[in-house]
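Participant: Structure below; questions to follow.
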Amino acid sequence: ENVQLYDELRRAKRHVDAIIEHMADGLIVLDRGHRVVSVNPAAEEMLGLRAAEVAGWSPASGASDPRFEPLLRICQPHLPDTECLRHPALLDAEEPAAPPEVVVDTPQPRVLRVLSSPIEDADEGEIGEIRLLHDVTREHELEQMQRDFISTVSHELRTPLFSIKGFVELILKGKVPDPQVQREFLGRVIDQANHLSAIVSDLLDTSRLESGSMELSRTMLNLAEVASEVVRRLESVASDRDVTIEFQAAPGLPPVSGDARRLAQVVTNLVGNAIKFSPPGGTVQVRCQAQAGEVTLSVADQGPGIPPEAIPRLFSKFYQVDSSATRRAGGTGLGLYISRRIIEAHGGRIAVESQLGRGSVFWFSIPLQAKEG
């Protein structure tokens with residue numbers, strides 16, 4: 001019977017050890033003296049410290065090694081909100097206080113939310129504490145991106161509204177008697193109204209994508225014909241900025257299954273961005289070709305290029321490259337996100353290749369045999 005009980009305890013311990021080892025959150029176990037008893041692999045990775053380095057360490061040891069400075073804050077006695085892992089119903093407060101957060105450089109800065117709870121023994125009472133480390137870096141990034149997005153959209157909406165209001169007021173007050181100038185002003189009003197419409201469309205498309213309600217109206221189409229029509233419509237915009245668009249399509253392109261309007265939206269976004277970021281006298285090259293079972297469209301510009309660290313997040317919602325060129329060009333930061341979601345819904349791929357000072361090449365591909373995205 002004792003042997004059976006021992007085996008059961010050993011299996012239970014292995015089970016618990018396996019759970020702790022494979023947890024996504026970091027776990028640090030402290031004894032009564034706040035000495036580190038053990039850390040799991042996730043905590044090692046988050047802190048950039050090996051278990052052997054921290055075993056037996058305590059806040060009393062100090063942090064002469066700067067790598068231990070985050071651990072000093074995490075393992076301090078009387079950590080605020082030390083009972084935040086207990087059920088809220090057991091707390092005196094109506095609502096638990098927000099858990100403390102620690103910034104760690106390992107090597108990229110990350111924000112760790114620190115949760116704490118006592119380890120209690122039926123006979124000896126409190127024998128130690130655990131610290132649970134939850135990586136909230138992405139949450140902070142999203143919150144910052146949303147704040148930036150709200151600020152950007154507010155500016156993007158306010159600017160054309162002021163322009164429309166100003167032009168219309170001048171005409172209504174009779175301060176622009178010349179019919180030719182009136183027509184010019186009304187043309188600018190239409191341009192600004194179209195800009196507002198595009199912003200609202202981006203917001204609506206984002207909402208549809210988030211709710212899963214955007215549906216594709218697929219037909220067999222020639223991607224080069226879709227792109228050619230977009231280029232034709234944007235030639236006047238490019239001309240106004242002294243930018244030339246070169247379009248080239250390989251002959252005999254096979255048709256693909258796709259939503260012509262949504263694919264045109266993607267091409268418009270990519271070519272429009274290329275025009276905005278190209279210098280006066282620059283050229284935007286649009287190419288369409290078939291290769292390896294898919295049709296690919298690429299848009300190359302001669303703009304300032306994109307910093308390497310920005311590329312992984314370029315197609316994320318709300319994200320905009322933090323540069324003077326981006327601020328001058330304006331936009332909501334939703335266009336590339338919407339484009340990515342549309343292309344993925346077609347079973348395709350979208351990416352960018354860029355070098356600072358040498359421009360960028362955005363491309364997407366649609367498979368000949370359509371896959372549901």
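Just remember, in the structure tokens the first chain shown is A, the second B, etc., residues are 1-based per chain, and ligands are 1-based in the order shown.
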As a list in words, please: every residue in segment 193-254 of chain A that a backbone DSSP assignment puts in strand (DSSP E).
Facilitator: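 Taking segment 193-254 of chain A and keeping strand (DSSP E) gives Thr219, Met220, Leu221, Thr244, Ile245, Glu246, Phe247, Gln248 and Ala249 of chain A.
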Participant: Store the residues picked out above in a file with C-alpha atoms, as a compact mmCIF listing (two decimals), in the first residue's frame.
Facilitator:
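Contents of selection05.txt, as written:
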# COMPACT_ATOMS: atom_id res chain seq x y z
CA THR A 219 -14.99 35.48 -60.12
CA MET A 220 -12.29 34.27 -62.49
CA LEU A 221 -10.33 37.40 -63.34
CA THR A 244 5.64 58.49 -63.31
CA ILE A 245 3.93 55.08 -63.15
CA GLU A 246 5.35 52.30 -65.30
CA PHE A 247 3.11 49.26 -65.72
CA GLN A 248 4.21 45.96 -67.21
CA ALA A 249 2.34 42.65 -67.34
Participant: Need to verify the contact set: Glu143 of chain A, 12 Å, only C-alpha atoms, exclusion of same-chain residues closer than 6 positions in sequence. Can you return it as number ranges by chain?
Facilitator: A: 136-137, 149-150, 317-319
Participant: Please, which residues of segment 19-157 of chain A, numbered as in this document, come out alpha helix (DSSP H) from DSSP, as JSON, numbers by chain?
Facilitator: {"A": [19, 20, 21, 41, 42, 43, 44, 45, 46, 47, 51, 52, 53, 54, 69, 70, 71, 72, 73, 74, 137, 138, 139, 140, 141, 142, 143, 144, 145, 146, 147, 148, 149, 150, 151, 152, 153, 154, 155, 156, 157]}
Participant: Export N, CA and C atoms of the chosen residues as a compact mmCIF listing (two decimals), in the first residue's frame?
Facilitator:
# COMPACT_ATOMS: atom_id res chain seq x y z
N ILE A 19 3.79 20.51 -15.88
CA ILE A 19 2.95 21.70 -16.08
C ILE A 19 3.76 22.97 -15.87
N ILE A 20 4.53 23.01 -14.77
CA ILE A 20 5.34 24.21 -14.46
C ILE A 20 6.39 24.45 -15.54
N GLU A 21 7.02 23.37 -16.01
CA GLU A 21 8.08 23.51 -17.01
C GLU A 21 7.56 24.04 -18.33
N PRO A 41 11.47 27.40 -16.85
CA PRO A 41 12.14 27.86 -18.07
C PRO A 41 11.60 29.17 -18.62
N ALA A 42 10.29 29.41 -18.50
CA ALA A 42 9.73 30.66 -19.01
C ALA A 42 10.31 31.85 -18.26
N ALA A 43 10.47 31.72 -16.94
CA ALA A 43 11.06 32.81 -16.15
C ALA A 43 12.52 33.02 -16.53
N GLU A 44 13.25 31.93 -16.79
CA GLU A 44 14.64 32.05 -17.24
C GLU A 44 14.71 32.87 -18.52
N GLU A 45 13.84 32.55 -19.46
CA GLU A 45 13.85 33.23 -20.75
C GLU A 45 13.45 34.70 -20.60
N MET A 46 12.44 34.97 -19.78
CA MET A 46 11.98 36.35 -19.59
C MET A 46 13.04 37.23 -18.94
N LEU A 47 13.75 36.68 -17.95
CA LEU A 47 14.71 37.46 -17.18
C LEU A 47 16.12 37.41 -17.77
N ALA A 51 18.56 29.26 -14.13
CA ALA A 51 18.11 28.84 -12.80
C ALA A 51 19.29 28.70 -11.84
N ALA A 52 20.41 28.17 -12.34
CA ALA A 52 21.58 27.98 -11.48
C ALA A 52 22.14 29.31 -10.98
N GLU A 53 21.97 30.37 -11.76
CA GLU A 53 22.49 31.69 -11.36
C GLU A 53 21.68 32.31 -10.24
N VAL A 54 20.38 32.03 -10.22
CA VAL A 54 19.51 32.72 -9.25
C VAL A 54 19.16 31.86 -8.04
N GLU A 69 18.78 43.35 -11.48
CA GLU A 69 17.97 44.47 -11.02
C GLU A 69 16.48 44.21 -11.17
N PRO A 70 16.00 43.67 -12.32
CA PRO A 70 14.57 43.34 -12.40
C PRO A 70 14.14 42.31 -11.36
N LEU A 71 15.03 41.33 -11.10
CA LEU A 71 14.71 40.29 -10.11
C LEU A 71 14.58 40.91 -8.72
N LEU A 72 15.38 41.95 -8.45
CA LEU A 72 15.30 42.63 -7.16
C LEU A 72 13.92 43.23 -6.94
N ARG A 73 13.36 43.81 -8.01
CA ARG A 73 12.03 44.41 -7.89
C ARG A 73 10.94 43.34 -7.83
N ILE A 74 11.14 42.25 -8.56
CA ILE A 74 10.13 41.19 -8.60
C ILE A 74 10.04 40.44 -7.27
N THR A 137 3.84 42.80 -22.84
CA THR A 137 4.45 43.74 -23.78
C THR A 137 3.54 44.02 -24.95
N ARG A 138 2.97 42.96 -25.52
CA ARG A 138 2.11 43.14 -26.69
C ARG A 138 0.87 43.96 -26.34
N GLU A 139 0.32 43.74 -25.15
CA GLU A 139 -0.85 44.53 -24.73
C GLU A 139 -0.50 46.01 -24.68
N HIS A 140 0.67 46.32 -24.13
CA HIS A 140 1.10 47.72 -24.05
C HIS A 140 1.30 48.30 -25.45
N GLU A 141 1.90 47.51 -26.34
CA GLU A 141 2.11 47.99 -27.71
C GLU A 141 0.78 48.28 -28.39
N LEU A 142 -0.19 47.37 -28.22
CA LEU A 142 -1.51 47.58 -28.84
C LEU A 142 -2.20 48.81 -28.27
N GLU A 143 -2.09 48.99 -26.96
CA GLU A 143 -2.71 50.17 -26.34
C GLU A 143 -2.09 51.45 -26.90
N GLN A 144 -0.75 51.44 -27.05
CA GLN A 144 -0.08 52.63 -27.59
C GLN A 144 -0.47 52.84 -29.05
N MET A 145 -0.55 51.75 -29.81
CA MET A 145 -0.94 51.86 -31.22
C MET A 145 -2.36 52.39 -31.35
N GLN A 146 -3.26 51.96 -30.46
CA GLN A 146 -4.64 52.46 -30.49
C GLN A 146 -4.69 53.94 -30.15
N ARG A 147 -3.88 54.36 -29.15
CA ARG A 147 -3.83 55.78 -28.82
C ARG A 147 -3.31 56.60 -30.00
N ASP A 148 -2.24 56.08 -30.64
CA ASP A 148 -1.70 56.78 -31.81
C ASP A 148 -2.72 56.82 -32.94
N PHE A 149 -3.46 55.71 -33.10
CA PHE A 149 -4.46 55.63 -34.16
C PHE A 149 -5.56 56.67 -33.94
N ILE A 150 -6.06 56.75 -32.70
CA ILE A 150 -7.12 57.72 -32.41
C ILE A 150 -6.63 59.14 -32.69
N SER A 151 -5.40 59.42 -32.28
CA SER A 151 -4.83 60.74 -32.53
C SER A 151 -4.70 61.01 -34.02
N THR A 152 -4.23 60.00 -34.76
CA THR A 152 -4.03 60.16 -36.21
C THR A 152 -5.36 60.35 -36.92
N VAL A 153 -6.35 59.49 -36.60
CA VAL A 153 -7.64 59.59 -37.27
C VAL A 153 -8.31 60.93 -36.96
N SER A 154 -8.19 61.39 -35.72
CA SER A 154 -8.76 62.69 -35.37
C SER A 154 -8.17 63.78 -36.25
N HIS A 155 -6.84 63.71 -36.43
CA HIS A 155 -6.18 64.71 -37.29
C HIS A 155 -6.61 64.55 -38.74
N GLU A 156 -6.66 63.28 -39.20
CA GLU A 156 -7.01 63.03 -40.60
C GLU A 156 -8.44 63.47 -40.92
N LEU A 157 -9.35 63.36 -39.95
CA LEU A 157 -10.73 63.80 -40.16
C LEU A 157 -10.85 65.32 -40.05
Participant: Smallest atom-to-atom distance to Gly333 of chain A: which of A:Ser61, A:Asn269, A:Asn40, A:Ser278, using only C-alpha atoms?
Facilitator: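 When distances to Gly333 of chain A are compared using only C-alpha atoms, the smallest one comes from A:Asn269.
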Participant: Contacts of Gly56 of chain A at 8 Å or less, counting only C-alpha atoms, minus same-chain residues fewer than 3 places along, as a VMD selection string?
Facilitator: chain A and resid 35 to 37
Participant: Just want the 12 Å neighbourhood of segment 302-309 of chain A, counted on only C-alpha atoms, with same-chain residues fewer than 6 positions away dropped. Output as a PyMOL selection string.
Facilitator: chain A and resi 108+243-245+273-285+320-326+329+352-362
Participant: Calculated over only C-alpha atoms, which of the candidates A:Val39, A:Val181, A:Val267, A:Leu5 has the smallest distance to Val299 of chain A?
Facilitator: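 Among the listed residues, A:Val267 lies closest to Val299 of chain A.
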Participant: Using only C-alpha atoms, pick whichever of A:Arg340, A:His22, A:Arg110, A:His34 has the shortest atom-to-atom distance to Arg131 of chain A.
Facilitator: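 Nearest to Arg131 of chain A: A:His34.
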Participant: One number please: atom CA of Ser58 of chain A to atom CA of Cys75 of chain A, in Å, one decimal.
Facilitator: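 Answer for the atom CA of Ser58 of chain A to atom CA of Cys75 of chain A separation: 7.4 Å.
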Participant: List the spatial neighbours of segment 347-349 of chain A as an mmCIF file with N, CA and C atoms, in the first residue's frame - criterion: any atom at most 12 Å away, only C-alpha atoms, same-chain residues fewer than 4 positions off excluded.
Facilitator:
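part_0.cif was written with the following content:
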data_model
loop_
_atom_site.group_PDB
_atom_site.id
_atom_site.type_symbol
_atom_site.label_atom_id
_atom_site.label_comp_id
_atom_site.auth_asym_id
_atom_site.auth_seq_id
_atom_site.Cartn_x
_atom_site.Cartn_y
_atom_site.Cartn_z
ATOM 1 N N LEU A 216 -16.131 37.777 -49.796
ATOM 2 C CA LEU A 216 -15.545 37.979 -51.119
ATOM 3 C C LEU A 216 -16.525 37.545 -52.202
ATOM 4 N N VAL A 256 -7.133 34.096 -62.131
ATOM 5 C CA VAL A 256 -7.192 33.651 -60.737
ATOM 6 C C VAL A 256 -8.608 33.869 -60.229
ATOM 7 N N SER A 257 -8.958 33.154 -59.176
ATOM 8 C CA SER A 257 -10.260 33.342 -58.549
ATOM 9 C C SER A 257 -10.129 34.422 -57.485
ATOM 10 N N GLY A 258 -10.892 35.508 -57.657
ATOM 11 C CA GLY A 258 -10.761 36.590 -56.688
ATOM 12 C C GLY A 258 -11.898 37.584 -56.775
ATOM 13 N N LEU A 263 -9.433 43.223 -54.659
ATOM 14 C CA LEU A 263 -8.059 43.199 -55.160
ATOM 15 C C LEU A 263 -7.661 44.566 -55.705
ATOM 16 N N GLY A 293 2.973 28.563 -59.756
ATOM 17 C CA GLY A 293 1.580 28.290 -59.420
ATOM 18 C C GLY A 293 0.817 29.447 -58.822
ATOM 19 N N GLU A 294 1.295 30.669 -59.020
ATOM 20 C CA GLU A 294 0.589 31.837 -58.511
ATOM 21 C C GLU A 294 0.863 33.045 -59.393
ATOM 22 N N VAL A 295 -0.009 34.025 -59.310
ATOM 23 C CA VAL A 295 0.180 35.283 -60.028
ATOM 24 C C VAL A 295 0.608 36.327 -59.005
ATOM 25 N N THR A 296 1.691 37.030 -59.317
ATOM 26 C CA THR A 296 2.274 37.990 -58.379
ATOM 27 C C THR A 296 2.229 39.397 -58.951
ATOM 28 N N LEU A 297 1.866 40.349 -58.106
ATOM 29 C CA LEU A 297 1.919 41.759 -58.484
ATOM 30 C C LEU A 297 2.868 42.474 -57.532
ATOM 31 N N SER A 298 3.787 43.266 -58.092
ATOM 32 C CA SER A 298 4.742 44.005 -57.266
ATOM 33 C C SER A 298 4.666 45.490 -57.583
ATOM 34 N N PHE A 315 2.320 45.383 -41.432
ATOM 35 C CA PHE A 315 0.971 45.003 -41.856
ATOM 36 C C PHE A 315 0.029 44.812 -40.660
ATOM 37 N N SER A 339 -5.158 45.436 -46.468
ATOM 38 C CA SER A 339 -4.624 44.746 -47.645
ATOM 39 C C SER A 339 -4.177 43.334 -47.288
ATOM 40 N N ARG A 340 -3.481 43.204 -46.171
ATOM 41 C CA ARG A 340 -3.023 41.865 -45.752
ATOM 42 C C ARG A 340 -4.198 40.929 -45.530
ATOM 43 N N ARG A 341 -5.221 41.413 -44.850
ATOM 44 C CA ARG A 341 -6.371 40.559 -44.561
ATOM 45 C C ARG A 341 -7.095 40.161 -45.845
ATOM 46 N N ILE A 342 -7.185 41.074 -46.805
ATOM 47 C CA ILE A 342 -7.847 40.754 -48.078
ATOM 48 C C ILE A 342 -7.057 39.689 -48.831
ATOM 49 N N ILE A 343 -5.740 39.868 -48.906
ATOM 50 C CA ILE A 343 -4.904 38.900 -49.626
ATOM 51 C C ILE A 343 -4.938 37.541 -48.934
ATOM 52 N N PHE A 362 6.700 46.407 -52.560
ATOM 53 C CA PHE A 362 5.594 45.661 -51.963
ATOM 54 C C PHE A 362 5.076 44.676 -53.004
ATOM 55 N N TRP A 363 4.760 43.477 -52.574
ATOM 56 C CA TRP A 363 4.229 42.505 -53.526
ATOM 57 C C TRP A 363 3.197 41.611 -52.837
ATOM 58 N N PHE A 364 2.306 41.089 -53.661
ATOM 59 C CA PHE A 364 1.383 40.062 -53.169
ATOM 60 C C PHE A 364 1.175 39.034 -54.260
ATOM 61 N N SER A 365 0.802 37.836 -53.851
ATOM 62 C CA SER A 365 0.569 36.755 -54.812
ATOM 63 C C SER A 365 -0.765 36.091 -54.516
ATOM 64 N N ILE A 366 -1.430 35.672 -55.574
ATOM 65 C CA ILE A 366 -2.698 34.946 -55.479
ATOM 66 C C ILE A 366 -2.500 33.578 -56.123
ATOM 67 N N PRO A 367 -2.796 32.486 -55.418
ATOM 68 C CA PRO A 367 -2.591 31.157 -56.000
ATOM 69 C C PRO A 367 -3.546 30.892 -57.158
ATOM 70 N N LEU A 368 -3.073 30.119 -58.123
ATOM 71 C CA LEU A 368 -3.936 29.760 -59.255
ATOM 72 C C LEU A 368 -5.070 28.859 -58.789
ATOM 73 N N GLN A 369 -4.781 27.982 -57.838
ATOM 74 C CA GLN A 369 -5.832 27.178 -57.225
ATOM 75 C C GLN A 369 -6.184 27.840 -55.905
ATOM 76 N N ALA A 370 -7.272 28.576 -55.864
ATOM 77 C CA ALA A 370 -7.615 29.406 -54.705
ATOM 78 C C ALA A 370 -7.801 28.565 -53.461
ATOM 79 N N LYS A 371 -7.210 29.055 -52.364
ATOM 80 C CA LYS A 371 -7.409 28.439 -51.046
ATOM 81 C C LYS A 371 -8.219 29.404 -50.209
ATOM 82 N N GLU A 372 -9.118 28.867 -49.413
ATOM 83 C CA GLU A 372 -9.923 29.737 -48.552
ATOM 84 C C GLU A 372 -9.034 30.314 -47.460
ATOM 85 N N GLY A 373 -9.116 31.651 -47.241
ATOM 86 C CA GLY A 373 -8.316 32.291 -46.197
ATOM 87 C C GLY A 373 -9.028 32.290 -44.884
#
Participant: So that I can check the surroundings of Arg158 of chain A, please list as a list in words every protein, DNA and RNA residue that reaches within 12 Å of it, counting only C-alpha atoms and ignoring chain neighbours fewer than 6 positions away.
Facilitator: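 Answer for this query is Ile150, Ser151, Thr152, Ile164, Lys165, Gln192, Ala193, His195, Leu196 and Ile199 of chain A.
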